[in-house]
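K.L.:
Got run_24.tsv for you, TSV, C-alpha atoms:
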chain	number	residue	atom	x	y	z
A	1	MET	CA	79.11	-50.84	38.75
A	2	ALA	CA	77.04	-47.68	38.47
A	3	ARG	CA	77.05	-45.85	35.16
A	4	LEU	CA	78.51	-42.73	36.73
A	5	VAL	CA	81.36	-40.84	35.13
A	6	LEU	CA	82.94	-37.66	36.45
A	7	PHE	CA	85.00	-35.60	34.02
A	8	ASP	CA	87.58	-32.91	34.65
A	9	LEU	CA	86.90	-29.74	32.63
A	10	ASP	CA	90.09	-27.82	31.75
A	11	GLY	CA	92.45	-29.84	29.59
A	12	THR	CA	90.02	-32.74	29.43
A	13	LEU	CA	86.64	-31.69	28.02
A	14	ALA	CA	87.64	-28.13	27.10
A	15	ASP	CA	90.78	-26.48	25.72
A	16	ARG	CA	91.67	-23.90	28.37
A	17	GLN	CA	95.16	-23.00	27.17
A	18	SER	CA	94.30	-21.55	23.76
A	19	ALA	CA	91.27	-19.82	25.26
A	20	LEU	CA	93.45	-18.30	27.99
A	21	SER	CA	95.84	-16.82	25.47
A	22	ASP	CA	93.01	-15.35	23.37
A	23	ALA	CA	91.21	-13.94	26.42
A	24	LEU	CA	94.31	-12.29	27.84
A	25	VAL	CA	95.23	-10.68	24.52
A	26	SER	CA	91.70	-9.27	24.27
A	27	LEU	CA	91.62	-8.11	27.90
A	28	CYS	CA	94.99	-6.37	27.72
A	29	ARG	CA	94.01	-4.64	24.49
A	30	SER	CA	90.63	-3.59	25.90
A	31	ARG	CA	92.15	-2.18	29.09
A	32	SER	CA	95.37	-0.86	27.50
A	33	LEU	CA	97.47	-2.97	29.85
A	34	SER	CA	101.24	-3.01	29.44
A	35	ALA	CA	103.25	-5.92	28.10
A	36	ASP	CA	104.57	-6.44	31.64
A	37	ALA	CA	101.02	-6.67	32.99
A	38	GLU	CA	100.10	-9.21	30.31
A	39	GLN	CA	103.16	-11.29	31.16
A	40	TRP	CA	102.25	-11.10	34.85
A	41	LEU	CA	98.74	-12.34	34.07
A	42	ARG	CA	99.96	-15.21	31.92
A	43	ALA	CA	102.11	-16.46	34.79
A	44	ALA	CA	99.50	-15.89	37.49
A	45	LEU	CA	96.66	-17.56	35.57
A	46	ALA	CA	98.67	-20.43	34.06
A	47	ASP	CA	96.87	-23.12	36.07
A	48	ARG	CA	93.70	-21.42	37.27
A	49	ALA	CA	92.20	-17.97	37.81
A	50	THR	CA	90.26	-16.34	40.63
A	51	ALA	CA	88.96	-12.85	41.28
A	52	SER	CA	91.79	-12.30	43.78
A	53	ASP	CA	94.33	-12.55	40.94
A	54	PHE	CA	92.90	-9.37	39.45
A	55	ALA	CA	93.00	-7.58	42.80
A	56	ARG	CA	96.71	-8.42	42.94
A	57	LEU	CA	97.17	-7.26	39.33
A	58	ARG	CA	95.47	-3.97	40.12
A	59	GLU	CA	97.75	-3.40	43.10
A	60	ALA	CA	100.93	-4.50	41.34
A	61	PHE	CA	100.42	-2.16	38.38
A	62	GLY	CA	98.49	0.69	40.02
A	63	LEU	CA	95.42	0.25	37.85
A	64	GLU	CA	92.39	2.46	38.39
A	65	VAL	CA	89.78	0.08	37.00
A	66	PRO	CA	88.04	-1.97	39.73
A	67	ALA	CA	89.31	-5.52	40.11
A	68	ALA	CA	85.74	-6.83	39.92
A	69	ASP	CA	85.35	-5.27	36.46
A	70	LEU	CA	88.58	-6.88	35.25
A	71	TRP	CA	87.49	-10.25	36.60
A	72	GLN	CA	84.06	-10.09	34.99
A	73	GLU	CA	85.52	-9.09	31.65
A	74	TYR	CA	87.97	-11.98	31.88
A	75	VAL	CA	85.15	-14.42	32.72
A	76	ASP	CA	83.14	-13.21	29.72
A	77	LEU	CA	86.14	-13.42	27.40
A	78	MET	CA	87.02	-16.94	28.56
A	79	ALA	CA	83.44	-18.11	28.14
A	80	ALA	CA	83.49	-16.78	24.58
A	81	ALA	CA	86.93	-18.20	23.73
A	82	VAL	CA	86.89	-21.67	25.30
A	83	THR	CA	86.07	-24.55	22.97
A	84	CYS	CA	84.95	-28.15	23.16
A	85	ARG	CA	85.39	-30.23	20.03
A	86	PRO	CA	82.18	-31.41	18.34
A	87	GLU	CA	83.23	-35.06	18.61
A	88	VAL	CA	83.47	-34.67	22.40
A	89	LEU	CA	79.95	-33.24	22.58
A	90	LYS	CA	78.70	-36.10	20.39
A	91	GLY	CA	80.48	-38.62	22.62
A	92	LEU	CA	78.83	-37.23	25.74
A	93	ALA	CA	75.46	-37.36	24.02
A	94	ARG	CA	76.09	-41.04	23.26
A	95	LEU	CA	76.92	-41.67	26.91
A	96	ARG	CA	73.67	-40.05	27.97
A	97	ALA	CA	71.78	-42.14	25.44
A	98	ALA	CA	73.41	-45.22	26.99
A	99	ALA	CA	72.01	-44.20	30.41
A	100	TRP	CA	75.26	-42.87	31.87
A	101	THR	CA	75.12	-40.20	34.56
A	102	ILE	CA	77.67	-37.50	33.70
A	103	GLY	CA	79.23	-35.04	36.14
A	104	VAL	CA	81.97	-32.45	35.97
A	105	ILE	CA	84.30	-31.81	38.88
A	106	THR	CA	86.76	-29.01	38.37
A	107	ASN	CA	89.24	-26.93	40.31
A	108	GLY	CA	88.43	-23.28	39.74
A	109	ALA	CA	86.13	-20.40	40.61
A	110	SER	CA	82.46	-21.33	40.32
A	111	ASP	CA	81.40	-18.47	38.05
A	112	ILE	CA	84.09	-18.91	35.42
A	113	GLN	CA	83.85	-22.70	35.29
A	114	ARG	CA	80.07	-22.58	34.82
A	115	ALA	CA	80.48	-19.87	32.18
A	116	LYS	CA	82.82	-22.19	30.27
A	117	LEU	CA	80.33	-25.04	30.50
A	118	ALA	CA	77.56	-22.82	29.17
A	119	GLY	CA	79.74	-21.31	26.43
A	120	THR	CA	80.88	-24.68	25.06
A	121	GLY	CA	77.48	-26.37	25.13
A	122	LEU	CA	78.68	-28.83	27.76
A	123	ALA	CA	76.18	-27.61	30.36
A	124	ALA	CA	73.30	-29.22	28.48
A	125	LEU	CA	75.05	-32.62	28.48
A	126	VAL	CA	75.97	-33.02	32.16
A	127	ASP	CA	73.81	-33.92	35.14
A	128	GLY	CA	75.77	-32.07	37.81
A	129	VAL	CA	78.77	-29.80	38.38
A	130	ALA	CA	81.04	-29.31	41.38
A	131	ALA	CA	83.69	-26.57	41.23
A	132	SER	CA	86.32	-26.15	43.92
A	133	GLY	CA	85.11	-22.60	44.44
A	134	ASP	CA	81.74	-23.95	45.64
A	135	LEU	CA	83.22	-25.23	48.90
A	136	GLU	CA	86.79	-23.90	48.79
A	137	ILE	CA	88.11	-27.45	48.50
A	138	ARG	CA	90.13	-28.80	45.61
A	139	LYS	CA	90.77	-32.14	43.95
A	140	PRO	CA	92.06	-34.60	45.12
A	141	ASP	CA	89.87	-33.91	48.20
A	142	ARG	CA	87.27	-36.67	48.28
A	143	ARG	CA	84.59	-34.18	49.33
A	144	LEU	CA	84.62	-32.57	45.88
A	145	PHE	CA	84.02	-35.97	44.27
A	146	GLU	CA	81.18	-36.61	46.73
A	147	LEU	CA	79.67	-33.21	45.91
A	148	GLY	CA	79.91	-33.89	42.19
A	149	ALA	CA	78.14	-37.22	42.56
A	150	ALA	CA	75.46	-35.72	44.82
A	151	ARG	CA	74.74	-32.98	42.28
A	152	CYS	CA	74.19	-35.72	39.74
A	153	GLY	CA	71.62	-37.26	42.06
A	154	VAL	CA	73.76	-40.28	43.01
A	155	ASN	CA	76.51	-41.15	45.48
A	156	LEU	CA	79.92	-42.77	45.29
A	157	ALA	CA	78.87	-45.97	47.03
A	158	GLY	CA	78.00	-47.60	43.71
A	159	GLY	CA	81.37	-46.75	42.18
A	160	GLY	CA	81.93	-45.19	38.80
A	161	TRP	CA	84.69	-43.52	36.79
A	162	MET	CA	86.87	-40.41	36.88
A	163	VAL	CA	88.39	-39.06	33.65
A	164	GLY	CA	91.02	-36.31	33.67
A	165	ASP	CA	94.48	-35.09	32.72
A	166	ASN	CA	95.86	-34.26	36.17
A	167	PRO	CA	97.63	-37.27	37.72
A	168	ALA	CA	97.32	-36.27	41.37
A	169	GLY	CA	94.05	-34.32	41.28
A	170	ASP	CA	92.04	-36.45	38.88
A	171	ILE	CA	93.56	-39.92	39.03
A	172	GLY	CA	94.86	-39.88	42.60
A	173	GLY	CA	91.64	-38.23	43.75
A	174	GLY	CA	89.57	-40.69	41.77
A	175	HIS	CA	91.34	-43.63	43.40
A	176	GLN	CA	90.72	-42.15	46.86
A	177	ALA	CA	87.05	-41.72	45.99
A	178	GLY	CA	86.76	-45.39	45.06
A	179	LEU	CA	86.41	-44.72	41.33
A	180	ARG	CA	88.01	-46.39	38.34
A	181	THR	CA	90.15	-43.93	36.41
A	182	ILE	CA	91.11	-42.92	32.89
A	183	TRP	CA	94.09	-40.61	32.46
A	184	LEU	CA	94.68	-38.33	29.48
A	185	ARG	CA	98.45	-38.57	29.26
A	186	GLY	CA	100.60	-35.48	28.99
A	187	ARG	CA	101.62	-34.22	32.40
A	188	PRO	CA	104.53	-35.84	34.29
A	189	TRP	CA	103.43	-38.80	36.41
A	190	PRO	CA	104.45	-38.41	40.09
A	191	ASP	CA	106.42	-41.16	41.81
A	192	GLY	CA	104.35	-43.38	44.03
A	193	LEU	CA	100.97	-42.56	42.49
A	194	PRO	CA	98.90	-45.66	41.66
A	195	ALA	CA	98.45	-46.24	37.94
A	196	ALA	CA	95.25	-45.28	36.18
A	197	HIS	CA	93.03	-48.12	35.01
A	198	HIS	CA	93.32	-46.85	31.44
A	199	VAL	CA	95.61	-44.34	29.71
A	200	VAL	CA	94.49	-42.52	26.55
A	201	ASP	CA	95.61	-39.66	24.33
A	202	ASN	CA	92.17	-38.16	23.76
A	203	VAL	CA	89.01	-37.82	25.83
A	204	THR	CA	87.05	-39.36	22.96
A	205	ASP	CA	89.08	-42.55	23.52
A	206	ALA	CA	87.98	-42.46	27.15
A	207	ILE	CA	84.35	-42.13	26.07
A	208	THR	CA	84.78	-45.16	23.80
A	209	ILE	CA	86.09	-47.19	26.74
A	210	LEU	CA	83.05	-46.20	28.81
A	211	LEU	CA	80.64	-47.05	26.00
A	212	ASN	CA	82.29	-50.46	25.63
A	213	GLU	CA	81.74	-51.00	29.36
A	214	THR	CA	78.04	-50.44	28.74
A	215	GLU	CA	77.74	-53.04	26.02
Let's see the structure in the file written out as structure tokens.
P.N.:
Amino acid sequence: MARLVLFDLDGTLADRQSALSDALVSLCRSRSLSADAEQWLRAALADRATASDFARLREAFGLEVPAADLWQEYVDLMAAAVTCRPEVLKGLARLRAAAWTIGVITNGASDIQRAKLAGTGLAALVDGVAASGDLEIRKPDRRLFELGAARCGVNLAGGGWMVGDNPAGDIGGGHQAGLRTIWLRGRPWPDGLPAAHHVVDNVTDAITILLNETE
């Protein structure tokens, strides 16, 4: 089996939720947005964020500031707030040293997802990135997995692994793409979805499994 591993970003390699809270507090303070507007944003951006969310915010609350300015400020704040634990970065470096090809496939707007990768230091440790905003397709669509592999300079024919926290998007999508899967438990598991090959509590445990495969 090829030494290819594709990782999800938010909730797997990076902590989006705490960053989201910090970014929204800073944005609302910077733009003097009301408590109602902040609550609206927290609900709208709970799973993912796009520029169109800020156009809807602007319309809903009659804001004068351009939506593009709000979006860019949010992107910058998220990039500054998002974190990746040092032990995760070290684990990815060990995978690279063991000749693994590492990709990231993520649902989300291209600019913000790449800003997160740059801000956390992850960008220097991965071979390719595919964001759903690149092609307007989302996991579990096999085409996003194919794009991620291609951007790593390989293809899915040789197999590989998918690691993520979303049962349907990451694990279901990984199965459909012909990959072995490692699930970071936490979200409810849907009925009828095939089981992951491994279940872990921490992405560092997933990295250990991959390194053991190498030995």
K.L.:
In terms of the shortest atom-to-atom distance over all atoms listed in the file, which of A:Asp134, A:Glu146, A:Asp111, A:Asp141 is closest to Val75 of chain A?
P.N.:
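Closest to Val75 of chain A, using all atoms listed in the file: A:Asp111.
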K.L.:
Between atom CA of Gly103 of chain A and atom CA of Arg151 of chain A, what is the spacing in Å?
P.N.:
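One can read the atom CA of Arg151 of chain A to atom CA of Gly103 of chain A distance as 7.9 Å.
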K.L.:
Could you state the separation of atom CA of Trp183 of chain A and atom CA of Val199 of chain A in Å, given to one decimal place?
P.N.:
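Atom CA of Val199 of chain A lies 4.9 Å from atom CA of Trp183 of chain A.
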K.L.:
List as a list in words the protein and nucleic acid residues near segment 88-95 of chain A, meaning an atom at most 9 Å away when only C-alpha atoms are counted, but skip any in the same chain fewer than 2 places from it.
P.N.:
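Contacts, in chain order: Leu13, Cys84, Arg85, Pro86, Ala97, Ala98, Ala99, Trp100, Thr101, Ile102, Thr120, Gly121, Leu122, Leu125, Val126, Val203, Thr204, Ile207, Thr208, Leu210 and Leu211 of chain A.
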K.L.:
Which of these, A:Gly169, A:Leu33, A:Arg56, A:Leu9, has the shortest distance to Ala123 of chain A once you count only C-alpha atoms?
P.N.:
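The shortest atom-to-atom distance to Ala123 of chain A comes from A:Leu9.
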K.L.:
Looking at A:Val5, A:Ala81, A:Ala14, A:Leu41, which one is nearest to Leu156 of chain A, with distances taken over only C-alpha atoms?
P.N.:
A:Val5
K.L.:
Counting only C-alpha atoms, figure out which residue out of A:Ile105, A:Cys28, A:Cys152, A:Leu6 gets nearest to Ala131 of chain A.
P.N.:
A:Ile105
K.L.:
By how many Å are atom CA of Asn212 of chain A and atom CA of Arg96 of chain A apart?
P.N.:
13.7 Å
K.L.:
Excluding segment 174-180 of chain A and its own-chain neighbours fewer than 4 positions away, which residues fall within 10 Å of it when counting all atoms listed in the file? Please give them as a JSON list (two decimals) with C-alpha atoms, in the coordinates of the input.
P.N.:
[["chain", "number", "residue", "atom", "x", "y", "z"],
["A", 1, "MET", "CA", 79.11, -50.84, 38.75],
["A", 4, "LEU", "CA", 78.51, -42.73, 36.73],
["A", 5, "VAL", "CA", 81.36, -40.84, 35.13],
["A", 6, "LEU", "CA", 82.94, -37.66, 36.45],
["A", 139, "LYS", "CA", 90.77, -32.14, 43.95],
["A", 140, "PRO", "CA", 92.06, -34.60, 45.12],
["A", 141, "ASP", "CA", 89.87, -33.91, 48.20],
["A", 142, "ARG", "CA", 87.27, -36.67, 48.28],
["A", 143, "ARG", "CA", 84.59, -34.18, 49.33],
["A", 144, "LEU", "CA", 84.62, -32.57, 45.88],
["A", 145, "PHE", "CA", 84.02, -35.97, 44.27],
["A", 146, "GLU", "CA", 81.18, -36.61, 46.73],
["A", 156, "LEU", "CA", 79.92, -42.77, 45.29],
["A", 157, "ALA", "CA", 78.87, -45.97, 47.03],
["A", 158, "GLY", "CA", 78.00, -47.60, 43.71],
["A", 159, "GLY", "CA", 81.37, -46.75, 42.18],
["A", 160, "GLY", "CA", 81.93, -45.19, 38.80],
["A", 161, "TRP", "CA", 84.69, -43.52, 36.79],
["A", 162, "MET", "CA", 86.87, -40.41, 36.88],
["A", 163, "VAL", "CA", 88.39, -39.06, 33.65],
["A", 164, "GLY", "CA", 91.02, -36.31, 33.67],
["A", 167, "PRO", "CA", 97.63, -37.27, 37.72],
["A", 168, "ALA", "CA", 97.32, -36.27, 41.37],
["A", 169, "GLY", "CA", 94.05, -34.32, 41.28],
["A", 170, "ASP", "CA", 92.04, -36.45, 38.88],
["A", 193, "LEU", "CA", 100.97, -42.56, 42.49],
["A", 194, "PRO", "CA", 98.90, -45.66, 41.66],
["A", 195, "ALA", "CA", 98.45, -46.24, 37.94],
["A", 196, "ALA", "CA", 95.25, -45.28, 36.18],
["A", 197, "HIS", "CA", 93.03, -48.12, 35.01],
["A", 198, "HIS", "CA", 93.32, -46.85, 31.44]]
K.L.:
Considering all atoms listed in the file, state which residue in the set A:Ala79, A:Ala35, A:Ala67, A:Ala55 is at the smallest distance from Asp22 of chain A.
P.N.:
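Distance minimum relative to Asp22 of chain A lands on A:Ala79.
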K.L.:
Counting only C-alpha atoms, figure out which residue out of A:Val82, A:Ala51, A:Ile137, A:Ala115 gets nearest to Asp15 of chain A.
P.N.:
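Smallest distance to Asp15 of chain A is found for A:Val82.
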K.L.:
Set the distance at 6 Å and use all atoms listed in the file: which residues neighbour Val104 of chain A once local chain neighbours fewer than 4 positions away are removed? I'd like the list as a PyMOL selection string.
P.N.:
chain A and resi 6-8+129
K.L.:
Write to file, as a tab-separated table (two decimals), keeping the file's coordinate frame, the residues of the selection just made, with C-alpha atoms.
P.N.:
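The resulting file, part.tsv, is reproduced below:
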chain	number	residue	atom	x	y	z
A	6	LEU	CA	82.94	-37.66	36.45
A	7	PHE	CA	85.00	-35.60	34.02
A	8	ASP	CA	87.58	-32.91	34.65
A	129	VAL	CA	78.77	-29.80	38.38
K.L.:
Saving segment 169-189 of chain A with N, CA, C and O atoms, as a PDB file, in the first residue's frame, what would that file be?
P.N.:
ATOM      1  N   GLY A 169     -18.304  12.482   6.031  1.00  0.00           N
ATOM      2  CA  GLY A 169     -17.410  13.157   5.104  1.00  0.00           C
ATOM      3  C   GLY A 169     -16.045  12.511   5.019  1.00  0.00           C
ATOM      4  O   GLY A 169     -15.528  12.253   3.920  1.00  0.00           O
ATOM      5  N   ASP A 170     -15.435  12.241   6.167  1.00  0.00           N
ATOM      6  CA  ASP A 170     -14.069  11.734   6.191  1.00  0.00           C
ATOM      7  C   ASP A 170     -14.010  10.213   6.059  1.00  0.00           C
ATOM      8  O   ASP A 170     -13.283   9.682   5.211  1.00  0.00           O
ATOM      9  N   ILE A 171     -14.774   9.521   6.881  1.00  0.00           N
ATOM     10  CA  ILE A 171     -14.681   8.058   6.896  1.00  0.00           C
ATOM     11  C   ILE A 171     -15.498   7.456   5.751  1.00  0.00           C
ATOM     12  O   ILE A 171     -14.997   6.625   4.993  1.00  0.00           O
ATOM     13  N   GLY A 172     -16.736   7.904   5.604  1.00  0.00           N
ATOM     14  CA  GLY A 172     -17.541   7.422   4.473  1.00  0.00           C
ATOM     15  C   GLY A 172     -16.892   7.784   3.147  1.00  0.00           C
ATOM     16  O   GLY A 172     -16.800   6.957   2.231  1.00  0.00           O
ATOM     17  N   GLY A 173     -16.417   9.021   3.044  1.00  0.00           N
ATOM     18  CA  GLY A 173     -15.748   9.459   1.822  1.00  0.00           C
ATOM     19  C   GLY A 173     -14.464   8.691   1.572  1.00  0.00           C
ATOM     20  O   GLY A 173     -14.149   8.332   0.434  1.00  0.00           O
ATOM     21  N   GLY A 174     -13.729   8.439   2.645  1.00  0.00           N
ATOM     22  CA  GLY A 174     -12.492   7.676   2.522  1.00  0.00           C
ATOM     23  C   GLY A 174     -12.740   6.267   2.009  1.00  0.00           C
ATOM     24  O   GLY A 174     -12.021   5.768   1.137  1.00  0.00           O
ATOM     25  N   HIS A 175     -13.787   5.629   2.548  1.00  0.00           N
ATOM     26  CA  HIS A 175     -14.154   4.294   2.064  1.00  0.00           C
ATOM     27  C   HIS A 175     -14.463   4.330   0.569  1.00  0.00           C
ATOM     28  O   HIS A 175     -13.985   3.485  -0.202  1.00  0.00           O
ATOM     29  N   GLN A 176     -15.266   5.315   0.158  1.00  0.00           N
ATOM     30  CA  GLN A 176     -15.656   5.413  -1.252  1.00  0.00           C
ATOM     31  C   GLN A 176     -14.450   5.671  -2.153  1.00  0.00           C
ATOM     32  O   GLN A 176     -14.458   5.292  -3.333  1.00  0.00           O
ATOM     33  N   ALA A 177     -13.426   6.304  -1.603  1.00  0.00           N
ATOM     34  CA  ALA A 177     -12.222   6.595  -2.379  1.00  0.00           C
ATOM     35  C   ALA A 177     -11.222   5.437  -2.359  1.00  0.00           C
ATOM     36  O   ALA A 177     -10.138   5.548  -2.929  1.00  0.00           O
ATOM     37  N   GLY A 178     -11.591   4.337  -1.697  1.00  0.00           N
ATOM     38  CA  GLY A 178     -10.723   3.173  -1.653  1.00  0.00           C
ATOM     39  C   GLY A 178      -9.602   3.279  -0.647  1.00  0.00           C
ATOM     40  O   GLY A 178      -8.580   2.584  -0.767  1.00  0.00           O
ATOM     41  N   LEU A 179      -9.775   4.136   0.364  1.00  0.00           N
ATOM     42  CA  LEU A 179      -8.739   4.353   1.372  1.00  0.00           C
ATOM     43  C   LEU A 179      -9.076   3.623   2.665  1.00  0.00           C
ATOM     44  O   LEU A 179     -10.242   3.406   2.987  1.00  0.00           O
ATOM     45  N   ARG A 180      -8.047   3.264   3.416  1.00  0.00           N
ATOM     46  CA  ARG A 180      -8.259   2.812   4.784  1.00  0.00           C
ATOM     47  C   ARG A 180      -8.494   4.057   5.640  1.00  0.00           C
ATOM     48  O   ARG A 180      -8.059   5.162   5.275  1.00  0.00           O
ATOM     49  N   THR A 181      -9.169   3.896   6.765  1.00  0.00           N
ATOM     50  CA  THR A 181      -9.645   5.075   7.492  1.00  0.00           C
ATOM     51  C   THR A 181      -9.335   4.990   8.982  1.00  0.00           C
ATOM     52  O   THR A 181      -9.326   3.912   9.574  1.00  0.00           O
ATOM     53  N   ILE A 182      -9.102   6.188   9.545  1.00  0.00           N
ATOM     54  CA  ILE A 182      -8.944   6.330  10.997  1.00  0.00           C
ATOM     55  C   ILE A 182      -9.863   7.458  11.442  1.00  0.00           C
ATOM     56  O   ILE A 182      -9.762   8.590  10.947  1.00  0.00           O
ATOM     57  N   TRP A 183     -10.758   7.134  12.363  1.00  0.00           N
ATOM     58  CA  TRP A 183     -11.749   8.107  12.838  1.00  0.00           C
ATOM     59  C   TRP A 183     -11.361   8.639  14.211  1.00  0.00           C
ATOM     60  O   TRP A 183     -11.047   7.875  15.123  1.00  0.00           O
ATOM     61  N   LEU A 184     -11.399   9.963  14.358  1.00  0.00           N
ATOM     62  CA  LEU A 184     -11.273  10.603  15.664  1.00  0.00           C
ATOM     63  C   LEU A 184     -12.664  10.682  16.263  1.00  0.00           C
ATOM     64  O   LEU A 184     -13.489  11.478  15.821  1.00  0.00           O
ATOM     65  N   ARG A 185     -12.921   9.840  17.242  1.00  0.00           N
ATOM     66  CA  ARG A 185     -14.284   9.727  17.768  1.00  0.00           C
ATOM     67  C   ARG A 185     -14.738  11.027  18.405  1.00  0.00           C
ATOM     68  O   ARG A 185     -13.933  11.835  18.869  1.00  0.00           O
ATOM     69  N   GLY A 186     -16.043  11.209  18.428  1.00  0.00           N
ATOM     70  CA  GLY A 186     -16.635  12.394  19.037  1.00  0.00           C
ATOM     71  C   GLY A 186     -18.018  12.670  18.495  1.00  0.00           C
ATOM     72  O   GLY A 186     -18.986  12.777  19.246  1.00  0.00           O
ATOM     73  N   ARG A 187     -18.143  12.761  17.186  1.00  0.00           N
ATOM     74  CA  ARG A 187     -19.452  13.021  16.590  1.00  0.00           C
ATOM     75  C   ARG A 187     -20.293  11.735  16.577  1.00  0.00           C
ATOM     76  O   ARG A 187     -19.744  10.638  16.558  1.00  0.00           O
ATOM     77  N   PRO A 188     -21.628  11.883  16.553  1.00  0.00           N
ATOM     78  CA  PRO A 188     -22.482  10.690  16.466  1.00  0.00           C
ATOM     79  C   PRO A 188     -22.198   9.907  15.184  1.00  0.00           C
ATOM     80  O   PRO A 188     -21.951  10.500  14.134  1.00  0.00           O
ATOM     81  N   TRP A 189     -22.219   8.588  15.287  1.00  0.00           N
ATOM     82  CA  TRP A 189     -21.957   7.733  14.134  1.00  0.00           C
ATOM     83  C   TRP A 189     -23.284   7.395  13.442  1.00  0.00           C
ATOM     84  O   TRP A 189     -24.171   6.844  14.050  1.00  0.00           O
TER      85      TRP A 189
END
